[in-house]
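Engineer: If it helps, the file is called protein-v7.txt and holds compact mmCIF, C-alpha atoms:
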```txt
# COMPACT_ATOMS: atom_id res chain seq x y z
CA MET A 1 -10.94 -15.44 -2.50
CA LEU A 2 -13.02 -12.33 -3.16
CA LEU A 3 -11.75 -9.76 -5.61
CA ILE A 4 -12.44 -6.17 -4.58
CA HIS A 5 -12.16 -3.10 -6.77
CA CYS A 6 -10.37 -0.26 -4.99
CA PRO A 7 -11.79 3.05 -6.27
CA TYR A 8 -8.56 4.87 -5.38
CA CYS A 9 -6.05 2.41 -6.88
CA GLU A 10 -8.49 1.68 -9.74
CA GLU A 11 -7.51 -1.96 -9.64
CA THR A 12 -9.35 -5.14 -8.73
CA LEU A 13 -7.34 -6.80 -5.99
CA PRO A 14 -7.50 -9.81 -3.68
CA GLU A 15 -9.50 -9.59 -0.49
CA ALA A 16 -6.35 -10.24 1.60
CA GLU A 17 -5.24 -6.64 0.96
CA PHE A 18 -8.47 -5.24 2.47
CA ALA A 19 -10.10 -4.96 5.87
CA HIS A 20 -13.81 -4.73 6.55
CA ALA A 21 -14.74 -1.62 8.54
CA GLY A 22 -18.42 -1.89 9.39
CA GLN A 23 -21.59 -0.30 8.09
CA ALA A 24 -21.28 2.73 5.81
CA HIS A 25 -23.14 6.04 5.89
CA VAL A 26 -23.40 6.19 9.68
CA VAL A 27 -23.41 9.94 10.22
CA ARG A 28 -22.14 11.39 13.48
CA PRO A 29 -24.65 13.92 14.89
CA GLU A 30 -23.46 17.50 14.59
CA ASN A 31 -24.26 18.26 18.21
CA PRO A 32 -23.84 15.11 20.32
CA SER A 33 -24.81 16.82 23.59
CA ALA A 34 -28.27 17.60 22.18
CA GLN A 35 -28.92 13.91 21.58
CA SER A 36 -31.15 11.82 23.79
CA ASP A 37 -29.67 8.64 25.24
CA GLU A 38 -31.68 6.57 22.77
CA GLU A 39 -30.49 8.59 19.77
CA TRP A 40 -26.89 8.41 20.96
CA GLU A 41 -27.14 4.68 21.58
CA ASN A 42 -28.58 4.32 18.11
CA PHE A 43 -25.63 6.18 16.59
CA LEU A 44 -23.00 4.28 18.58
CA PHE A 45 -24.25 0.73 18.64
CA ILE A 46 -27.31 -0.03 16.53
CA ARG A 47 -26.43 -1.38 13.10
CA SER A 48 -28.53 -3.02 10.44
CA ASN A 49 -28.10 -6.71 9.77
CA VAL A 50 -29.08 -6.85 6.15
CA LYS A 51 -29.80 -9.98 4.21
CA GLY A 52 -28.99 -8.91 0.68
CA PRO A 53 -27.22 -5.77 -0.60
CA HIS A 54 -25.48 -4.01 2.28
CA TYR A 55 -23.70 -0.64 2.28
CA GLU A 56 -20.43 -1.08 4.13
CA ARG A 57 -17.01 0.46 4.59
CA TRP A 58 -13.80 -1.26 3.59
CA ARG A 59 -10.22 -0.19 3.95
CA HIS A 60 -7.42 -0.95 1.50
CA VAL A 61 -5.13 -1.51 4.44
CA HIS A 62 -2.27 -3.24 2.62
CA GLY A 63 -2.33 -0.79 -0.28
CA CYS A 64 -3.30 2.83 -0.56
CA GLY A 65 -4.61 2.78 3.03
CA ARG A 66 -7.86 4.47 2.07
CA PHE A 67 -11.34 3.84 3.42
CA PHE A 68 -13.99 3.48 0.75
CA ASN A 69 -17.60 2.29 0.55
CA ALA A 70 -18.94 -0.84 -1.06
CA VAL A 71 -22.28 -2.47 -1.70
CA ARG A 72 -21.95 -6.18 -0.99
CA ASP A 73 -24.66 -8.79 -1.20
CA THR A 74 -24.45 -10.55 2.16
CA VAL A 75 -26.02 -13.69 0.74
CA SER A 76 -23.78 -14.25 -2.28
CA ASP A 77 -20.81 -12.15 -1.06
CA ARG A 78 -20.86 -10.46 -4.45
CA PHE A 79 -19.66 -6.86 -4.57
CA LEU A 80 -22.21 -4.84 -6.55
CA THR A 81 -20.05 -1.73 -6.59
CA THR A 82 -17.38 0.18 -4.70
CA TYR A 83 -17.13 3.96 -4.53
CA LYS A 84 -15.01 6.61 -2.87
CA ALA A 85 -15.70 7.74 0.68
CA GLY A 86 -17.87 10.85 0.66
CA ALA A 87 -19.51 9.93 -2.65
CA PRO A 88 -23.32 9.70 -2.58
CA ARG A 89 -24.95 6.36 -1.89
CA PRO A 90 -25.56 4.65 -5.26
CA ASP A 91 -29.10 3.75 -6.17
CA LEU A 92 -29.74 0.13 -5.21
CA GLU A 93 -32.25 -0.53 -7.99
CA THR A 94 -29.83 0.29 -10.77
CA LEU A 95 -27.18 -1.87 -9.09
CA THR A 96 -29.37 -4.93 -8.61
CA GLY A 97 -30.85 -4.34 -12.07
CA GLU A 98 -27.40 -4.78 -13.54
CA VAL A 99 -26.95 -8.09 -11.77
CA LYS A 100 -30.09 -9.70 -13.21
CA MET B 1 19.29 10.55 14.49
CA ASN B 2 17.24 8.21 12.42
CA ALA B 3 20.07 6.25 10.84
CA PRO B 4 19.29 3.03 8.98
CA ILE B 5 19.91 -0.11 10.92
CA SER B 6 19.97 -3.63 9.63
CA SER B 7 20.02 -6.98 11.32
CA PHE B 8 21.46 -8.52 8.16
CA ASP B 9 24.81 -8.03 6.49
CA PRO B 10 24.57 -6.83 2.89
CA PHE B 11 25.54 -9.99 1.03
CA ALA B 12 23.66 -12.70 -0.80
CA LEU B 13 21.51 -14.31 1.84
CA VAL B 14 20.32 -17.13 -0.33
CA GLU B 15 21.22 -17.98 -3.90
CA THR B 16 19.84 -20.90 -5.86
CA SER B 17 19.34 -21.63 -9.55
CA ALA B 18 15.78 -20.25 -9.24
CA ALA B 19 16.36 -16.92 -7.54
CA GLN B 20 18.62 -15.04 -5.18
CA VAL B 21 17.72 -12.80 -2.28
CA ARG B 22 20.09 -10.29 -0.79
CA VAL B 23 19.80 -7.25 1.42
CA ALA B 24 20.18 -3.92 -0.33
CA SER B 25 22.67 -1.49 1.14
CA PRO B 26 21.06 1.00 3.54
CA CYS B 27 19.44 4.04 1.97
CA GLY B 28 17.56 7.11 3.09
CA ARG B 29 13.78 6.73 3.13
CA LEU B 30 11.20 9.43 3.63
CA SER B 31 7.45 9.30 3.93
CA LEU B 32 5.62 12.28 2.43
CA ARG B 33 1.98 13.19 2.93
CA ALA B 34 0.49 16.21 1.20
CA ARG B 35 -2.72 17.38 -0.45
CA GLY B 36 -3.56 20.04 -2.97
CA ASP B 37 -1.31 21.70 -5.51
CA LEU B 38 2.04 19.92 -5.22
CA ALA B 39 4.03 22.49 -7.20
CA PRO B 40 5.96 23.85 -4.16
CA LEU B 41 7.06 20.31 -3.23
CA ASP B 42 7.92 19.45 -6.81
CA ALA B 43 10.15 22.51 -6.89
CA ALA B 44 11.77 21.65 -3.55
CA LEU B 45 12.46 18.05 -4.55
CA GLY B 46 13.45 18.82 -8.14
CA LEU B 47 11.06 16.25 -9.61
CA THR B 48 7.37 15.94 -10.47
CA LEU B 49 5.65 13.78 -7.90
CA PRO B 50 3.70 10.99 -9.67
CA GLU B 51 -0.07 11.18 -9.18
CA LYS B 52 -1.06 7.66 -10.12
CA ILE B 53 -0.75 5.01 -7.42
CA GLY B 54 2.24 2.77 -8.12
CA GLN B 55 4.00 5.18 -10.49
CA ARG B 56 7.64 6.07 -9.89
CA VAL B 57 9.70 9.09 -10.84
CA SER B 58 13.44 9.36 -10.31
CA VAL B 59 15.89 12.19 -10.72
CA GLY B 60 19.51 11.48 -9.89
CA ASN B 61 19.67 9.53 -6.65
CA LEU B 62 16.17 10.51 -5.56
CA GLU B 63 13.26 8.24 -6.39
CA ALA B 64 9.62 8.90 -5.53
CA ILE B 65 6.76 6.43 -5.62
CA CYS B 66 3.09 7.26 -5.21
CA LEU B 67 1.51 4.99 -2.56
CA GLY B 68 -1.87 6.62 -2.10
CA PRO B 69 -3.88 9.64 -3.22
CA ASP B 70 -1.93 11.85 -0.79
CA GLU B 71 1.04 9.67 0.09
CA TRP B 72 4.49 9.22 -1.41
CA LYS B 73 7.67 7.48 -0.42
CA LEU B 74 11.06 8.90 -1.30
CA GLU B 75 14.25 6.87 -1.46
CA THR B 76 17.68 8.40 -1.75
CA GLU B 77 21.23 8.14 -0.45
CA THR B 78 21.62 8.11 3.31
CA GLY B 79 23.53 11.38 3.25
CA ALA B 80 20.94 13.24 1.18
CA VAL B 81 18.07 12.99 3.67
CA ALA B 82 18.92 16.12 5.65
CA GLY B 83 19.13 18.23 2.48
CA ILE B 84 15.71 17.07 1.29
CA GLU B 85 14.16 17.74 4.69
CA GLU B 86 15.61 21.23 4.67
CA ALA B 87 14.39 21.99 1.13
CA CYS B 88 10.88 20.73 1.87
CA ALA B 89 10.70 22.60 5.17
CA LYS B 90 11.01 25.83 3.18
CA ALA B 91 8.00 24.77 1.07
CA CYS B 92 5.94 24.19 4.21
CA ALA B 93 4.63 27.77 4.27
CA GLU B 94 3.18 27.38 0.77
CA LEU B 95 1.99 23.80 1.10
CA PRO B 96 1.63 22.30 4.59
CA HIS B 97 2.76 18.68 4.47
CA ALA B 98 4.29 15.91 6.57
CA LEU B 99 7.75 14.63 5.72
CA VAL B 100 9.13 11.98 8.02
CA ASP B 101 12.49 10.23 7.95
CA ILE B 102 11.69 6.51 8.10
CA SER B 103 15.17 5.26 7.17
CA ALA B 104 15.47 3.20 10.35
CA ARG B 105 12.13 1.51 9.90
CA GLU B 106 12.82 -0.80 7.01
CA VAL B 107 15.25 -3.01 5.16
CA SER B 108 15.06 -3.83 1.47
CA PHE B 109 15.48 -7.28 -0.01
CA VAL B 110 16.68 -7.47 -3.60
CA ILE B 111 15.02 -10.44 -5.28
CA GLU B 112 16.40 -11.50 -8.63
CA GLY B 113 16.69 -14.59 -10.76
CA VAL B 114 14.83 -16.49 -13.45
CA ARG B 115 11.91 -17.38 -11.17
CA ALA B 116 11.85 -14.28 -8.98
CA ALA B 117 8.29 -13.35 -9.96
CA GLU B 118 7.15 -16.86 -9.14
CA LEU B 119 8.92 -16.67 -5.78
CA LEU B 120 6.84 -13.63 -4.86
CA THR B 121 3.61 -15.49 -5.50
CA LEU B 122 4.39 -17.67 -2.46
CA GLY B 123 3.41 -14.89 -0.10
CA CYS B 124 1.66 -12.27 -2.20
CA PRO B 125 -2.01 -12.80 -3.15
CA ARG B 126 -1.84 -10.14 -5.86
CA ASP B 127 -1.12 -11.10 -9.47
CA ILE B 128 2.54 -10.10 -9.82
CA ALA B 129 2.02 -9.54 -13.57
CA THR B 130 -0.19 -6.52 -12.76
CA ILE B 131 2.85 -4.72 -11.33
CA GLU B 132 4.35 -3.26 -14.48
CA ILE B 133 8.12 -2.99 -14.87
CA GLY B 134 9.28 0.39 -13.55
CA THR B 135 6.42 0.73 -11.08
CA GLY B 136 5.82 -0.54 -7.56
CA ARG B 137 2.98 -1.35 -5.22
CA ARG B 138 2.33 -1.56 -1.54
CA THR B 139 0.79 -4.94 -0.89
CA VAL B 140 0.80 -7.80 1.58
CA PHE B 141 3.37 -10.59 1.76
CA ASP B 142 2.62 -13.47 4.12
CA GLY B 143 0.63 -11.18 6.42
CA ALA B 144 3.02 -8.25 6.52
CA THR B 145 2.65 -5.03 4.57
CA VAL B 146 5.51 -4.67 2.11
CA LEU B 147 6.39 -2.36 -0.73
CA ILE B 148 7.39 -4.17 -3.92
CA TRP B 149 9.37 -2.27 -6.55
CA ARG B 150 9.59 -3.98 -9.92
CA ASP B 151 12.79 -2.99 -11.68
CA GLY B 152 12.72 -5.65 -14.40
CA GLU B 153 10.90 -8.74 -15.57
CA ASN B 154 12.61 -10.79 -12.84
CA SER B 155 14.14 -8.10 -10.70
CA PHE B 156 12.37 -6.81 -7.61
CA ARG B 157 13.05 -4.89 -4.44
CA MET B 158 10.93 -5.47 -1.38
CA ASP B 159 10.85 -2.96 1.48
CA VAL B 160 9.88 -4.63 4.74
CA TRP B 161 9.70 -3.39 8.29
CA ASN B 162 12.62 -4.51 10.44
CA SER B 163 10.50 -6.58 12.77
CA PHE B 164 9.01 -8.60 9.90
CA ALA B 165 12.26 -9.05 8.01
CA PRO B 166 13.46 -12.33 9.63
CA HIS B 167 10.04 -13.91 9.14
CA LEU B 168 9.69 -12.84 5.52
CA PHE B 169 13.26 -13.80 4.76
CA ALA B 170 12.66 -17.29 6.14
CA LEU B 171 9.80 -17.72 3.66
CA LEU B 172 11.83 -16.35 0.74
CA ASP B 173 14.70 -18.65 1.72
CA THR B 174 12.46 -21.72 1.76
CA GLY B 175 10.85 -20.61 -1.51
CA CYS B 176 14.18 -20.18 -3.29
CA ARG B 177 15.26 -23.67 -2.28
CA GLU B 178 11.94 -25.25 -3.19
CA LEU B 179 11.84 -23.67 -6.64
CA ALA B 180 15.41 -24.78 -7.27
CA ALA B 181 14.63 -28.32 -6.09
CA GLU B 182 11.62 -28.43 -8.43
CA ALA B 183 13.77 -27.50 -11.39
CA ALA B 184 16.46 -30.06 -10.58
```
What's the structure tokens form of this structure?
Structural biologist:
Amino acid sequence: MLLIHCPYCEETLPEAEFAHAGQAHVVRPENPSAQSDEEWENFLFIRSNVKGPHYERWRHVHGCGRFFNAVRDTVSDRFLTTYKAGAPRPDLETLTGEVK
Amino acid sequence: MNAPISSFDPFALVETSAAQVRVASPCGRLSLRARGDLAPLDAALGLTLPEKIGQRVSVGNLEAICLGPDEWKLETETGAVAGIEEACAKACAELPHALVDISAREVSFVIEGVRAAELLTLGCPRDIATIEIGTGRRTVFDGATVLIWRDGENSFRMDVWNSFAPHLFALLDTGCRELAAEAA
């Protein structure tokens, strides 16, 4: 079982308490009606399918209930870091540098 | 009315040499959501709301536990709910918040006995030792969200939603008997 660090509870807890919630940092356009069909389709449906470190959202559903962001390596399933929703995207190089 | 209901009678449901599980008598439960400076709510409730997730604070019959960064649960006597709602409603002008009577939503199991902590590991993936005595955590037990209060080394309360209660009790019942059979 994966162990995930919840940045709100500040505890490292079993995966069973969490739910995956898709790709992180997908920003809703400020004015949707000004979007072209392609841009809107891109926002709604097009997601990256990363092999390696992936920015994604998780929710501590059986705990504090909060959404937060994580960087998970999709190959090894290792969590490089987790951080609060709204926090800036951490620099990937420093994260992967720590792993080596 | 949002009066507590229970499908179980408040007596020992299962008791073995390992642990015993019984239903706690009905109590008043309130869910509180608020952000910002909590001073008006603290004044209305007569206690300081804990800010760390899992921490508990109790004054008299009222006990508050912090469940999330902006979420608390209050437990008190059934009769005291209306008074708390009234006091907090007055604080609403200063600090907008949501206070909901959820007394009818849940039942509490009291889980005690020499192997009570071990009994919880049957359904809870979290390390029970990380729940310090005098705190509590919302977690998952055999697929259902539950709130575990740790009152002592081997003394727990578990708040479960009514609809999950028969299922979770069946597991606790089996677990109590299995642990006792192991010891024999």
Engineer: Compare B:Ile131, B:Leu120, B:Cys66, B:Leu47 by their minimum atom-to-atom distance to B:Leu168, counting only C-alpha atoms, and give me the closest one.
Structural biologist: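 That would be B:Leu120, the residue with the smallest distance to B:Leu168.
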Engineer: Leaving out B:Ala165 and any residue of its chain fewer than 6 positions from it, which residues lie within 9 Å of it when counting only C-alpha atoms, given as a short mmCIF file (atom, residue, chain, number, x, y, z; two decimals) with C-alpha atoms, in the frame of the given file?
Structural biologist:
```cif
data_model
loop_
_atom_site.label_atom_id
_atom_site.label_comp_id
_atom_site.auth_asym_id
_atom_site.auth_seq_id
_atom_site.Cartn_x
_atom_site.Cartn_y
_atom_site.Cartn_z
CA SER B 7 20.02 -6.98 11.32
CA GLU B 106 12.82 -0.80 7.01
CA VAL B 107 15.25 -3.01 5.16
CA SER B 108 15.06 -3.83 1.47
CA PHE B 109 15.48 -7.28 -0.01
#
```
Engineer: Near chain B, which residues of chain A fall within 6 Å when you count all atoms listed in the file, and what do they look like as a ChimeraX atom specification?
Structural biologist: /A:9,62-64
Engineer: One decimal, Å: what's the distance from atom CA of B:Arg157 over to atom CA of A:Pro7, could you say?
Structural biologist: 26.1 Å
Engineer: What's the 12 Å shell around A:Ile46, counting only C-alpha atoms, without same-chain residues fewer than 4 positions away, as an MDAnalysis selection string?
Structural biologist: chainID A and resid 22:23 26 38:42
Engineer: Atom CA of A:His5 to atom CA of A:Pro90: how many Å, to one decimal?
Structural biologist: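 Rounded to one decimal, the two atoms are 15.6 Å apart.
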Engineer: Measuring atom to atom with all atoms listed in the file, identify which of B:Ala129, B:Lys73, B:Arg115, B:Ala43 is nearest to B:Cys92.
Structural biologist: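 Smallest separation from B:Cys92 among the options: B:Ala43.
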Engineer: Determine, counting all atoms listed in the file, which protein, DNA and RNA residues have an atom within 9 Å of an atom of B:Cys88; residues of the same chain fewer than 6 positions away are not included. Present the result as a ChimeraX atom specification.
Structural biologist: /B:40-41,43-45,97,99
Engineer: What's the separation between atom CA of A:Glu11 and atom CA of A:His54, in Å to one decimal place?
Structural biologist: 21.7 Å
Engineer: Just checking: using all atoms listed in the file, which residue out of B:Ile111, B:Leu30, B:Ile84, B:Ala180 ends up closest to B:Asp42?
Structural biologist: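 Ranked by minimum distance to B:Asp42, first place goes to B:Ile84.
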Engineer: I'd like the neighbourhood of A:Phe67 as a PyMOL selection string, where a residue qualifies if any of its atoms comes within 9 Å (using only C-alpha atoms), though same-chain residues fewer than 3 positions away should be ignored.
Structural biologist: chain A and resi 21+57-61+84-85
Engineer: Using only C-alpha atoms, what residues lie at most 12 Å away from (15.6, 16.4, 7.9) (file coordinates), given as a ChimeraX atom specification?
Structural biologist: /B:1-3,28-31,78-90,98-103
Engineer: Starting from the structure just given, write a file holding stretch 43-68 of chain A with N, CA and C atoms, as a PDB file, in the first residue's frame.
Structural biologist:
```
ATOM      1  N   PHE A  43      -9.463  22.487 -22.427  1.00  0.00           N
ATOM      2  CA  PHE A  43      -9.632  22.672 -20.985  1.00  0.00           C
ATOM      3  C   PHE A  43     -10.447  21.523 -20.378  1.00  0.00           C
ATOM      4  N   LEU A  44     -11.512  21.118 -21.070  1.00  0.00           N
ATOM      5  CA  LEU A  44     -12.413  20.122 -20.481  1.00  0.00           C
ATOM      6  C   LEU A  44     -11.840  18.713 -20.505  1.00  0.00           C
ATOM      7  N   PHE A  45     -11.269  18.349 -21.647  1.00  0.00           N
ATOM      8  CA  PHE A  45     -11.013  16.921 -21.861  1.00  0.00           C
ATOM      9  C   PHE A  45      -9.555  16.518 -22.017  1.00  0.00           C
ATOM     10  N   ILE A  46      -8.715  17.414 -22.538  1.00  0.00           N
ATOM     11  CA  ILE A  46      -7.371  16.967 -22.911  1.00  0.00           C
ATOM     12  C   ILE A  46      -6.449  16.995 -21.696  1.00  0.00           C
ATOM     13  N   ARG A  47      -5.928  15.839 -21.349  1.00  0.00           N
ATOM     14  CA  ARG A  47      -5.038  15.728 -20.198  1.00  0.00           C
ATOM     15  C   ARG A  47      -3.738  15.071 -20.638  1.00  0.00           C
ATOM     16  N   SER A  48      -2.674  15.390 -19.914  1.00  0.00           N
ATOM     17  CA  SER A  48      -1.397  14.775 -20.266  1.00  0.00           C
ATOM     18  C   SER A  48      -1.326  13.371 -19.675  1.00  0.00           C
ATOM     19  N   ASN A  49      -0.607  12.507 -20.366  1.00  0.00           N
ATOM     20  CA  ASN A  49      -0.445  11.130 -19.920  1.00  0.00           C
ATOM     21  C   ASN A  49       1.041  10.894 -19.728  1.00  0.00           C
ATOM     22  N   VAL A  50       1.514  11.372 -18.590  1.00  0.00           N
ATOM     23  CA  VAL A  50       2.948  11.479 -18.365  1.00  0.00           C
ATOM     24  C   VAL A  50       3.544  10.131 -17.981  1.00  0.00           C
ATOM     25  N   LYS A  51       4.696   9.836 -18.534  1.00  0.00           N
ATOM     26  CA  LYS A  51       5.476   8.718 -18.010  1.00  0.00           C
ATOM     27  C   LYS A  51       6.596   9.323 -17.182  1.00  0.00           C
ATOM     28  N   GLY A  52       6.495   9.212 -15.893  1.00  0.00           N
ATOM     29  CA  GLY A  52       7.460   9.863 -15.010  1.00  0.00           C
ATOM     30  C   GLY A  52       6.727  10.756 -14.029  1.00  0.00           C
ATOM     31  N   PRO A  53       7.384  11.801 -13.516  1.00  0.00           N
ATOM     32  CA  PRO A  53       6.749  12.659 -12.504  1.00  0.00           C
ATOM     33  C   PRO A  53       5.518  13.371 -13.062  1.00  0.00           C
ATOM     34  N   HIS A  54       4.414  13.257 -12.360  1.00  0.00           N
ATOM     35  CA  HIS A  54       3.142  13.799 -12.823  1.00  0.00           C
ATOM     36  C   HIS A  54       2.523  14.639 -11.705  1.00  0.00           C
ATOM     37  N   TYR A  55       2.092  15.855 -12.078  1.00  0.00           N
ATOM     38  CA  TYR A  55       1.400  16.709 -11.098  1.00  0.00           C
ATOM     39  C   TYR A  55      -0.062  16.298 -11.058  1.00  0.00           C
ATOM     40  N   GLU A  56      -0.549  15.895  -9.905  1.00  0.00           N
ATOM     41  CA  GLU A  56      -1.947  15.467  -9.852  1.00  0.00           C
ATOM     42  C   GLU A  56      -2.598  15.878  -8.547  1.00  0.00           C
ATOM     43  N   ARG A  57      -3.935  15.857  -8.579  1.00  0.00           N
ATOM     44  CA  ARG A  57      -4.702  16.218  -7.387  1.00  0.00           C
ATOM     45  C   ARG A  57      -5.096  14.943  -6.650  1.00  0.00           C
ATOM     46  N   TRP A  58      -5.084  15.045  -5.326  1.00  0.00           N
ATOM     47  CA  TRP A  58      -5.585  13.959  -4.497  1.00  0.00           C
ATOM     48  C   TRP A  58      -6.517  14.574  -3.469  1.00  0.00           C
ATOM     49  N   ARG A  59      -7.384  13.742  -2.937  1.00  0.00           N
ATOM     50  CA  ARG A  59      -8.277  14.231  -1.886  1.00  0.00           C
ATOM     51  C   ARG A  59      -8.185  13.299  -0.689  1.00  0.00           C
ATOM     52  N   HIS A  60      -8.030  13.894   0.490  1.00  0.00           N
ATOM     53  CA  HIS A  60      -7.991  13.092   1.720  1.00  0.00           C
ATOM     54  C   HIS A  60      -9.432  12.833   2.158  1.00  0.00           C
ATOM     55  N   VAL A  61     -10.084  11.957   1.403  1.00  0.00           N
ATOM     56  CA  VAL A  61     -11.539  11.852   1.509  1.00  0.00           C
ATOM     57  C   VAL A  61     -11.989  11.254   2.840  1.00  0.00           C
ATOM     58  N   HIS A  62     -11.235  10.281   3.353  1.00  0.00           N
ATOM     59  CA  HIS A  62     -11.584   9.705   4.663  1.00  0.00           C
ATOM     60  C   HIS A  62     -10.711  10.340   5.751  1.00  0.00           C
ATOM     61  N   GLY A  63     -10.633  11.646   5.757  1.00  0.00           N
ATOM     62  CA  GLY A  63      -9.801  12.328   6.742  1.00  0.00           C
ATOM     63  C   GLY A  63     -10.243  13.771   6.810  1.00  0.00           C
ATOM     64  N   CYS A  64      -9.322  14.680   6.495  1.00  0.00           N
ATOM     65  CA  CYS A  64      -9.677  16.089   6.593  1.00  0.00           C
ATOM     66  C   CYS A  64     -10.571  16.530   5.436  1.00  0.00           C
ATOM     67  N   GLY A  65     -10.692  15.702   4.391  1.00  0.00           N
ATOM     68  CA  GLY A  65     -11.602  16.033   3.295  1.00  0.00           C
ATOM     69  C   GLY A  65     -11.034  16.997   2.276  1.00  0.00           C
ATOM     70  N   ARG A  66      -9.774  17.392   2.466  1.00  0.00           N
ATOM     71  CA  ARG A  66      -9.187  18.427   1.628  1.00  0.00           C
ATOM     72  C   ARG A  66      -8.597  17.889   0.327  1.00  0.00           C
ATOM     73  N   PHE A  67      -8.705  18.699  -0.727  1.00  0.00           N
ATOM     74  CA  PHE A  67      -7.956  18.436  -1.954  1.00  0.00           C
ATOM     75  C   PHE A  67      -6.553  19.008  -1.777  1.00  0.00           C
ATOM     76  N   PHE A  68      -5.562  18.299  -2.279  1.00  0.00           N
ATOM     77  CA  PHE A  68      -4.206  18.834  -2.297  1.00  0.00           C
ATOM     78  C   PHE A  68      -3.522  18.325  -3.559  1.00  0.00           C
TER      79      PHE A  68
END
```
